[in-house]
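K.L.:
Supplied structure: my_file_7.cif, mmCIF, C-alpha atoms.
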data_protein
#
loop_
_atom_site.label_atom_id
_atom_site.label_comp_id
_atom_site.auth_asym_id
_atom_site.auth_seq_id
_atom_site.Cartn_x
_atom_site.Cartn_y
_atom_site.Cartn_z
CA MET A 277 0.00 0.00 0.00
CA ILE A 278 2.87 2.33 0.87
CA PHE A 279 4.62 1.38 -2.36
CA ARG A 280 1.46 2.21 -4.31
CA GLU A 281 1.22 5.61 -2.63
CA VAL A 282 4.81 6.39 -3.53
CA GLU A 283 4.12 5.44 -7.12
CA ASP A 284 1.07 7.68 -7.24
CA ARG A 285 3.14 10.55 -5.88
CA ASP A 286 5.71 9.95 -8.59
CA LEU A 287 3.05 9.94 -11.30
CA ILE A 288 1.54 13.13 -9.91
CA ALA A 289 4.96 14.80 -9.93
CA LYS A 290 5.50 13.77 -13.54
CA ALA A 291 2.01 14.87 -14.56
CA ARG A 292 2.73 18.26 -12.99
CA ARG A 293 5.75 18.56 -15.31
CA GLY A 294 3.44 18.03 -18.29
CA LYS A 295 3.80 14.27 -18.71
CA VAL A 296 0.37 13.33 -20.00
CA GLU A 297 1.33 9.65 -20.16
CA ALA A 298 1.98 9.66 -16.41
CA TYR A 299 -1.42 11.22 -15.81
CA ASN A 300 -3.09 8.67 -18.07
CA LEU A 301 -1.53 5.92 -15.97
CA LEU A 302 -2.87 7.59 -12.85
CA VAL A 303 -6.31 7.81 -14.47
CA SER A 304 -6.22 4.12 -15.38
CA ARG A 305 -5.61 3.29 -11.72
CA TRP A 306 -8.49 5.34 -10.40
CA GLU A 307 -11.07 5.47 -13.18
CA LYS A 308 -12.95 2.32 -12.13
CA ARG A 309 -13.35 3.52 -8.56
CA VAL A 310 -14.38 7.01 -9.61
CA PHE A 311 -16.74 5.62 -12.24
CA ASN A 312 -18.48 3.29 -9.76
CA TYR A 313 -18.71 6.03 -7.16
CA LEU A 314 -20.39 8.32 -9.67
CA LEU A 315 -22.55 5.53 -11.07
CA ARG A 316 -23.96 4.85 -7.62
CA LEU A 317 -24.65 8.54 -7.15
CA VAL A 318 -26.23 9.39 -10.50
CA GLY A 319 -27.44 5.94 -11.59
CA GLU A 320 -26.73 6.30 -15.33
CA ARG A 321 -23.66 4.75 -16.90
CA GLU A 322 -23.24 7.35 -19.63
CA ASP A 323 -23.61 10.18 -17.13
CA ALA A 324 -21.17 8.47 -14.77
CA LEU A 325 -18.65 8.10 -17.57
CA ASP A 326 -19.01 11.72 -18.71
CA LEU A 327 -18.69 12.91 -15.13
CA SER A 328 -15.62 10.71 -14.61
CA GLN A 329 -13.98 12.22 -17.65
CA GLU A 330 -14.87 15.73 -16.50
CA ALA A 331 -13.57 15.03 -13.00
CA PHE A 332 -10.24 13.71 -14.28
CA LEU A 333 -9.89 16.66 -16.64
CA LYS A 334 -10.50 19.16 -13.83
CA ALA A 335 -8.10 17.24 -11.61
CA TYR A 336 -5.42 17.50 -14.31
CA GLN A 337 -6.01 21.21 -14.78
CA ASN A 338 -5.79 21.81 -11.03
CA LEU A 339 -3.03 19.35 -10.22
CA ALA A 340 -0.71 22.20 -9.24
CA LYS A 341 -3.16 23.17 -6.49
CA LEU A 342 -2.93 19.75 -4.83
CA GLU A 343 -0.73 20.54 -1.84
CA ASP A 344 -0.18 17.00 -0.57
CA ALA A 345 0.17 14.32 -3.24
CA GLY A 346 -0.59 11.72 -0.56
CA ARG A 347 -4.13 13.15 -0.35
CA PHE A 348 -4.81 12.62 -4.04
CA ALA A 349 -7.73 10.22 -3.52
CA PRO A 350 -9.91 12.43 -1.26
CA TRP A 351 -9.04 15.42 -3.45
CA LEU A 352 -10.06 13.57 -6.62
CA PHE A 353 -13.28 12.29 -5.08
CA ARG A 354 -14.10 15.81 -3.90
CA ILE A 355 -13.91 16.95 -7.51
CA ALA A 356 -16.04 13.98 -8.61
CA HIS A 357 -18.53 14.77 -5.85
CA ASN A 358 -18.86 18.36 -7.09
CA GLU A 359 -19.38 17.14 -10.65
CA ALA A 360 -22.06 14.69 -9.54
CA TYR A 361 -23.98 17.26 -7.52
CA SER A 362 -23.75 19.74 -10.35
CA LEU A 363 -25.52 17.21 -12.57
CA LEU A 364 -28.06 16.21 -9.90
CA ARG A 365 -29.01 19.86 -9.40
CA LYS A 366 -29.57 20.25 -13.14
CA ARG A 367 -31.66 17.09 -13.24
CA LYS A 368 -33.87 18.08 -10.34
CA PRO A 369 -37.18 19.59 -11.60
CA GLU A 370 -38.61 22.63 -9.83
CA GLY A 371 -39.91 21.72 -6.36
CA GLU A 372 -38.45 18.23 -6.45
CA THR A 373 -35.92 17.30 -3.81
CA LEU A 374 -32.73 15.36 -4.30
CA ARG A 375 -34.24 12.58 -2.25
CA GLU A 376 -36.16 11.42 -5.30
CA PRO A 377 -34.76 8.13 -6.64
CA SER A 378 -32.59 8.59 -9.69
CA GLN A 379 -33.75 7.66 -13.17
CA GLY A 380 -31.14 4.95 -13.54
CA ALA A 381 -33.28 2.11 -12.31
CA GLN A 382 -33.27 0.41 -15.71
CA SER A 383 -29.51 0.09 -15.69
CA PHE A 384 -29.60 -1.68 -12.33
CA ARG A 385 -31.99 -4.29 -13.66
CA MET A 386 -29.22 -5.63 -15.81
CA PHE A 387 -27.82 -7.57 -12.87
CA PRO A 388 -29.39 -11.01 -12.63
CA VAL A 389 -28.71 -11.63 -8.99
CA GLU A 390 -31.72 -10.91 -6.85
CA LEU A 391 -29.64 -9.60 -4.00
CA SER A 392 -27.93 -7.07 -6.25
CA LEU A 393 -31.33 -5.81 -7.38
CA ALA A 394 -32.51 -5.54 -3.81
CA VAL A 395 -29.37 -3.63 -2.82
CA ARG A 396 -29.72 -1.22 -5.73
CA SER A 397 -33.34 -0.69 -4.94
CA ALA A 398 -32.58 -0.06 -1.28
CA LEU A 399 -29.79 2.38 -2.15
CA GLU A 400 -32.12 4.32 -4.44
CA ARG A 401 -34.53 4.87 -1.59
CA LEU A 402 -31.87 6.73 0.38
CA SER A 403 -31.28 10.46 0.08
CA GLU A 404 -28.36 11.55 -2.12
CA GLU A 405 -26.31 12.45 0.94
CA GLN A 406 -27.02 9.17 2.71
CA ARG A 407 -26.28 7.15 -0.40
CA GLU A 408 -23.03 8.99 -0.98
CA ALA A 409 -21.97 8.32 2.61
CA VAL A 410 -22.66 4.60 2.11
CA VAL A 411 -20.83 4.52 -1.22
CA LEU A 412 -17.76 6.29 0.17
CA LYS A 413 -17.56 4.06 3.25
CA ILE A 414 -18.73 0.65 2.08
CA TYR A 415 -17.64 0.64 -1.57
CA GLN A 416 -14.70 3.03 -1.59
CA GLY A 417 -13.38 2.26 1.89
CA PHE A 418 -12.57 5.82 2.88
CA LYS A 419 -11.88 6.75 6.49
CA PHE A 420 -14.31 9.09 8.24
CA GLU A 421 -11.77 11.93 8.08
CA GLU A 422 -11.33 11.45 4.34
CA MET A 423 -15.10 11.35 3.86
CA ALA A 424 -15.39 14.61 5.76
CA GLU A 425 -12.79 16.11 3.42
CA ILE A 426 -14.61 14.89 0.31
CA LEU A 427 -18.03 16.00 1.52
CA ALA A 428 -16.71 19.21 3.11
CA CYS A 429 -18.52 18.62 6.38
CA PRO A 430 -17.63 17.51 9.95
CA VAL A 431 -16.98 13.87 10.77
CA SER A 432 -20.04 13.90 13.04
CA THR A 433 -22.24 14.82 10.06
CA VAL A 434 -20.67 12.07 7.98
CA LYS A 435 -21.38 9.53 10.70
CA SER A 436 -24.90 10.75 11.15
CA ARG A 437 -25.66 10.35 7.43
CA LEU A 438 -24.03 6.94 7.24
CA TYR A 439 -25.63 5.53 10.36
CA THR A 440 -29.10 6.77 9.43
CA ALA A 441 -28.65 5.20 6.00
CA LEU A 442 -27.52 1.96 7.56
CA ASP A 443 -30.61 1.84 9.78
CA LEU A 444 -32.81 2.30 6.71
CA LEU A 445 -30.91 -0.28 4.67
CA LYS A 446 -30.92 -2.72 7.54
CA GLU A 447 -34.72 -2.86 7.56
CA THR A 448 -34.73 -3.89 3.91
CA LEU A 449 -31.55 -5.86 3.42
CA ALA A 450 -30.87 -7.74 6.65
CA PRO A 451 -33.96 -10.01 6.36
CA ILE A 452 -33.29 -10.65 2.65
CA HIS A 453 -29.67 -11.48 3.20
CA ALA A 454 -30.48 -13.63 6.21
CA ARG A 455 -32.88 -15.67 4.07
CA GLY A 456 -30.27 -15.91 1.35
CA VAL A 457 -27.66 -17.15 3.76
CA GLU A 458 -29.98 -19.79 5.14
CA MET B 175 -32.85 -0.05 20.98
CA SER B 176 -29.24 -0.88 21.77
CA CYS B 177 -27.94 -0.86 25.34
CA SER B 178 -24.31 -1.34 24.29
CA PRO B 179 -21.69 0.82 26.07
CA PHE B 180 -20.57 2.08 22.65
CA ASP B 181 -22.31 2.59 19.31
CA LEU B 182 -22.56 -0.73 17.50
CA LYS B 183 -22.07 1.04 14.14
CA ASP B 184 -18.81 2.56 15.41
CA TYR B 185 -17.81 -1.01 16.25
CA LEU B 186 -18.85 -2.23 12.80
CA PHE B 187 -16.79 0.42 10.98
CA GLY B 188 -13.73 0.09 13.18
CA ALA B 189 -14.06 3.52 14.80
CA LEU B 190 -13.44 2.21 18.33
CA ARG B 191 -10.25 1.63 20.26
CA GLU B 192 -9.23 -1.92 21.07
CA ALA B 193 -10.44 -1.75 24.69
CA GLU B 194 -13.77 -0.31 23.57
CA ARG B 195 -14.14 -3.04 20.96
CA ARG B 196 -13.61 -5.71 23.59
CA GLN B 197 -16.28 -4.13 25.80
CA VAL B 198 -18.77 -4.17 22.93
CA GLU B 199 -17.96 -7.81 22.10
CA GLU B 200 -18.36 -8.86 25.74
CA HIS B 201 -21.63 -6.99 26.00
CA ALA B 202 -23.02 -8.33 22.71
CA SER B 203 -22.18 -11.89 23.67
CA GLY B 204 -24.28 -11.57 26.82
CA CYS B 205 -27.06 -9.25 25.54
CA GLN B 206 -29.49 -10.88 23.09
CA THR B 207 -30.86 -7.55 21.79
CA CYS B 208 -27.45 -6.06 21.03
CA GLY B 209 -26.16 -9.39 19.65
CA GLU B 210 -29.06 -9.57 17.19
CA GLU B 211 -28.66 -5.90 16.27
CA LEU B 212 -24.97 -6.48 15.54
CA ASP B 213 -25.87 -9.48 13.39
CA ARG B 214 -28.36 -7.38 11.39
CA LEU B 215 -25.76 -4.68 10.83
CA ARG B 216 -23.24 -7.27 9.65
CA LEU B 217 -25.80 -8.83 7.31
CA THR B 218 -26.65 -5.41 5.91
CA GLU B 219 -22.98 -4.63 5.27
CA ALA B 220 -22.48 -8.04 3.66
CA ALA B 221 -25.53 -7.48 1.43
CA LEU B 222 -24.20 -4.08 0.35
CA ARG B 223 -20.80 -5.53 -0.47
CA ALA B 224 -22.45 -8.15 -2.68
CA LEU B 225 -23.13 -5.44 -5.25
CA PRO B 226 -20.31 -5.81 -7.79
CA ASP B 227 -18.32 -2.97 -9.29
CA GLU B 228 -18.90 -2.26 -12.96
CA GLU B 229 -16.28 -1.74 -15.62
CA PRO B 230 -16.43 1.59 -17.47
CA GLN B 231 -17.64 1.05 -21.06
CA ARG B 232 -14.67 2.97 -22.38
CA ARG B 233 -11.37 4.03 -20.95
CA ILE B 234 -10.57 7.61 -20.08
CA ALA B 235 -7.37 8.95 -21.59
CA PHE B 236 -5.95 12.34 -22.40
CA VAL B 237 -3.76 13.45 -25.25
CA SER B 238 -1.00 15.95 -24.76
CA ASP B 239 -1.60 19.60 -25.48
CA LYS B 240 1.53 21.12 -27.07
CA VAL B 241 0.80 24.53 -25.61
CA PHE B 242 1.17 23.30 -22.04
CA GLU B 243 3.97 20.87 -22.64
CA PRO B 244 7.56 21.82 -21.80
CA GLY B 245 9.94 22.18 -24.76
CA TRP B 246 12.12 19.28 -25.89
CA TRP B 247 15.25 20.95 -24.55
CA GLN B 248 13.59 21.44 -21.14
CA ARG B 249 12.71 17.75 -21.03
CA PHE B 250 16.23 16.95 -22.19
CA TRP B 251 17.93 18.97 -19.47
CA GLN B 252 15.49 17.69 -16.84
CA SER B 253 16.30 14.09 -17.71
CA GLY B 254 19.64 12.85 -16.33
CA PRO B 255 19.54 9.50 -18.17
CA ARG B 256 18.83 11.17 -21.51
CA LEU B 257 21.67 13.62 -20.97
CA GLY B 258 24.06 10.81 -20.08
CA PHE B 259 23.00 8.77 -23.08
CA ALA B 260 23.53 11.73 -25.40
CA SER B 261 27.01 12.34 -23.97
CA ALA B 262 27.94 8.68 -24.41
CA ALA B 263 26.61 8.71 -27.98
CA LEU B 264 28.64 11.83 -28.77
CA LEU B 265 31.79 10.24 -27.37
CA ALA B 266 31.17 7.05 -29.39
CA VAL B 267 30.79 9.07 -32.59
CA ALA B 268 34.05 10.91 -31.89
CA ILE B 269 35.90 7.60 -31.33
CA LEU B 270 34.49 6.08 -34.51
CA PHE B 271 35.42 9.18 -36.51
CA GLN B 272 38.95 9.05 -35.18
CA ALA B 273 39.25 5.32 -35.91
CA PHE B 274 37.93 5.32 -39.46
CA TRP B 275 39.06 8.71 -40.71
CA ARG B 276 41.63 8.59 -43.55
CA PRO B 277 43.30 11.51 -45.41
CA VAL B 278 41.66 12.37 -48.70
CA PRO B 279 43.60 10.99 -51.77
CA GLY B 280 45.35 13.73 -53.82
CA ALA B 281 46.04 15.91 -50.91
CA ALA B 282 49.48 16.95 -52.37
CA PRO B 283 50.74 19.31 -49.67
CA LEU B 284 50.13 16.73 -47.02
CA GLU B 285 51.84 14.00 -49.03
CA ALA B 286 54.89 16.21 -49.75
CA GLU B 287 55.16 17.04 -46.10
CA THR B 288 54.91 13.38 -45.22
CA ALA B 289 57.63 12.52 -47.81
CA ALA B 290 59.92 15.25 -46.46
CA ILE B 291 59.47 13.96 -42.94
CA GLU B 292 60.20 10.40 -44.08
CA ALA B 293 63.36 11.62 -45.94
CA ARG B 294 64.54 13.44 -42.87
CA ILE B 295 63.96 10.34 -40.83
CA ARG B 296 65.89 8.16 -43.31
CA ALA B 297 68.81 10.64 -43.40
CA ALA B 298 68.91 10.74 -39.64
CA VAL B 299 68.93 6.94 -39.49
CA VAL B 300 71.78 6.70 -42.08
CA ASN B 301 73.77 9.34 -40.24
CA ALA B 302 73.32 7.57 -36.97
CA VAL B 303 74.40 4.24 -38.46
CA THR B 304 77.52 5.82 -40.06
CA GLU B 305 78.55 7.48 -36.85
CA SER B 306 78.06 4.28 -34.98
CA GLU B 307 80.16 2.31 -37.49
CA ALA B 308 82.96 4.89 -37.32
CA ARG B 309 82.95 4.68 -33.59
CA GLN B 310 83.18 0.89 -33.79
CA VAL B 311 86.12 1.01 -36.29
CA LEU B 312 88.02 3.44 -34.11
CA LYS B 313 87.49 1.28 -31.06
CA ILE B 314 88.68 -1.85 -32.92
CA SER B 315 91.82 -0.18 -34.33
CA GLN B 316 92.69 1.16 -30.90
CA ALA B 317 92.26 -2.30 -29.45
CA VAL B 318 94.50 -3.87 -32.17
CA ALA B 319 97.21 -1.27 -31.60
CA GLU B 320 97.17 -1.86 -27.89
CA THR B 321 97.39 -5.60 -28.40
CA GLU B 322 100.38 -5.31 -30.81
CA LYS B 323 102.12 -3.00 -28.41
CA ARG B 324 101.56 -5.40 -25.56
CA ILE B 325 102.84 -8.34 -27.63
CA GLN B 326 105.98 -6.41 -28.66
CA PHE B 327 106.63 -5.50 -25.06
CA ASP B 328 106.23 -9.07 -23.96
CA ARG B 329 108.57 -10.26 -26.72
CA GLN B 330 111.25 -7.76 -25.72
CA ALA B 331 110.92 -8.78 -22.11
CA ASP B 332 111.35 -12.42 -23.09
CA ARG B 333 114.48 -11.61 -25.12
CA VAL B 334 116.02 -9.73 -22.25
CA ALA B 335 115.26 -12.57 -19.90
CA PHE B 336 116.77 -15.07 -22.36
CA GLU B 337 119.95 -13.01 -22.78
CA GLU B 338 120.35 -12.73 -19.03
CA ALA B 339 119.86 -16.46 -18.61
CA PHE B 340 122.38 -17.17 -21.41
CA ASN B 341 124.97 -14.86 -19.92
CA LEU B 342 124.55 -16.52 -16.56
CA LEU B 343 124.97 -19.96 -18.11
CA GLN B 344 128.07 -18.85 -20.01
CA LYS B 345 129.65 -17.46 -16.87
CA LYS B 346 128.92 -20.74 -15.06
CA PHE B 347 130.51 -22.68 -17.96
CA ASN B 348 133.59 -20.49 -17.91
CA VAL B 349 133.95 -21.01 -14.20
CA MET B 350 133.72 -24.78 -14.63
CA TYR B 351 136.12 -24.75 -17.59
CA THR B 352 138.68 -22.76 -15.61
CA ALA B 353 138.36 -25.07 -12.65
CA SER B 354 138.76 -28.14 -14.88
CA ALA B 355 141.83 -26.70 -16.53
CA ASP B 356 143.32 -25.98 -13.19
CA LEU B 357 142.79 -29.57 -12.08
CA GLY B 358 144.16 -31.14 -15.30
CA GLY B 359 147.22 -28.88 -15.53
CA SER B 360 148.40 -29.71 -12.02
CA ARG B 361 148.64 -33.57 -12.84
#
Would you write out, as C-alpha cells, the structure that this file holds?
P.N.:
Amino acid sequence: MIFREVEDRDLIAKARRGKVEAYNLLVSRWEKRVFNYLLRLVGEREDALDLSQEAFLKAYQNLAKLEDAGRFAPWLFRIAHNEAYSLLRKRKPEGETLREPSQGAQSFRMFPVELSLAVRSALERLSEEQREAVVLKIYQGFKFEEMAEILACPVSTVKSRLYTALDLLKETLAPIHARGVE
Amino acid sequence: MSCSPFDLKDYLFGALREAERRQVEEHASGCQTCGEELDRLRLTEAALRALPDEEPQRRIAFVSDKVFEPGWWQRFWQSGPRLGFASAALLAVAILFQAFWRPVPGAAPLEAETAAIEARIRAAVVNAVTESEARQVLKISQAVAETEKRIQFDRQADRVAFEEAFNLLQKKFNVMYTASADLGGSR
C-alpha cells in the first residue's frame, strides 16, 4: 500500500511537469473507482462516464493546487462529488428534492442476482447524501476523516448520514440477506 | 434499541479503540438484543458488499496539449539519463570518426610534407648508423694497436730474460772450464 502511494506521488509529480502519459496511468488506476462512485450517485452509466472524464480533466487542470500528493484520492473524489452534484441539481425539476430516486433504475436491472437488485433498490430509496456516505464508506473504503474532506462537512455529520442510511438499509436488506444465507 | 456501552455502528466500521471493541464484544455476547442488532448490521454490510463494481464502457485517456507541454530541450535537461546517453553517444561518434578517418587521396601538400618527414627520418637513421660504425672502427683499431704493443713489449721482455739467462749460463761454464783446466794442468 505504501509502495502504491509512492508510485502515485511519482506519477503526480511527472504529470505536474506536463507528462500526460503519467497522468493517463494515474487515471487508469483510479477510473474504475471514480466511475463506480459516480454511477452509484447518479445511476446512469453514460452520465457516470461523462462525469468521470470531467472530474479527471479538472483534476489535471488543477493538479498544481494539490498541496499533498498523498491526499490525491480524497481530493479527486471531492472533484467527482462536485461534478455529480452539479448534474443532480440540473436534473432536479422545480420543487423536487434530491431525495427522489434517480432515473437509472433500468440500468440496475441488468444484474441477474436478486440480491444485487434488492441492494440497488434499497440504495435508491436513500437520500443523495445518505447514499453517498454509504458509497464512500462501504464501496470506496474511505476513512471518516477522508469522507469529511470529500463532503466538506464535519466527521459527526458524515457519521450521522451513514448511520441513518444503515438503519434504513438494515430494515430492507438484513432479512433478505439472512434468508439468502440460510 | 441498543444498550451497548458504545455505538454498534462505530464497532462495525472500526471507529473504536481496542479496549472499547472488547467491551462491545463482551456486551453483545451476553445481551441478546445487542447481539441480534450487531448481526443485522453485519448482514446489511455483507448485502451491500455483494453489489459488484462495474467496468467503465470505455477508458478515459488524455492526449498531450503542445501549448502546455515543456519544450524538448527542457525535457532533455530535466532528464539525467537522456543527458548521459547523449554524452555517451557523442563520445562514441568521436571515437568512430577518429578510428575510421583517412586523409583524402590527392592531398598533395600533405603527401609532400609526409615525404619530407620520411626523408629526414631516413637521413637521420643513415647518419646515426655511419657514426656508430665509425665509432666501432676506431674502437677496434685502438684495441688492435694496444694488443700489438703489448705483444711487442712481452717479446722484448722475453728476449732480455733469455739473454740474461744465457749470460749466466756462459759465466757458469767459464767457471767450470777454468776449474777443470786448473785440475788437469796440475797432474
K.L.:
Assuming the chain letters and numbering stay as they are in my file, what does the PyMOL selection byres ((chain B) within 9 of (chain A)) actually select? List them as a PyMOL selection string.
P.N.:
chain B and resi 183-184+187+189+213-239+242-244
K.L.:
Which residues, named as in the file, does the PyMOL selection byres ((chain A and resi 285) around 12) pick out? Answer as a list in words.
P.N.:
Ile278, Phe279, Arg280, Glu281, Val282, Glu283, Asp284, Asp286, Leu287, Ile288, Ala289, Lys290, Ala291, Arg292, Ala298, Tyr299, Leu302, Leu339, Leu342, Glu343, Asp344, Ala345, Gly346, Arg347, Phe348 and Ala349 of chain A
K.L.:
Please, what distance in Å, to one decimal, runs between CA of Glu404 (chain A) and CA of Leu317 (chain A)?
P.N.:
6.9 Å
K.L.:
Work out how far CA of Arg437 (chain A) is from CA of Gln206 (chain B), in Å to one decimal.
P.N.:
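These atoms are spaced 26.7 Å apart.
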K.L.:
For a test of reading the model, state the distance in Å between CA of Ala335 (chain A) and CA of Ala356 (chain A), rounded to one decimal.
P.N.:
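Between CA of Ala335 (chain A) and CA of Ala356 (chain A) the gap is 9.1 Å.
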K.L.:
Scan for residues within 12 Å of the point (-10.9, 11.9, 6.2) in the coordinates of the file, using all atoms listed in the file, and reply as a list in words.
P.N.:
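Output: Arg347, Phe348, Ala349, Pro350, Trp351, Phe353, Arg354, Leu412, Lys413, Gly417, Phe418, Lys419, Phe420, Glu421, Glu422, Met423, Ala424, Glu425, Ile426, Leu427, Ala428, Cys429, Pro430, Val431, Ser432, Val434 and Lys435 of chain A.
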K.L.:
Grab all the atoms of region 177-196 of chain B that the file lists, wrap them in a box along x, y and z, add 4 Å per side, and give me centre plus edge lengths in Å (one decimal) as JSON.
P.N.:
{"center_x": -18.6, "center_y": -1.1, "center_z": 18.5, "size_x": 26.7, "size_y": 17.2, "size_z": 23.1}
K.L.:
If the PyMOL selection byres ((chain B and resi 197-205) around 9) were run on this exact file, what residues would it hold? Put them as number ranges by chain.
P.N.:
B: 177-182, 185, 192-196, 206-212
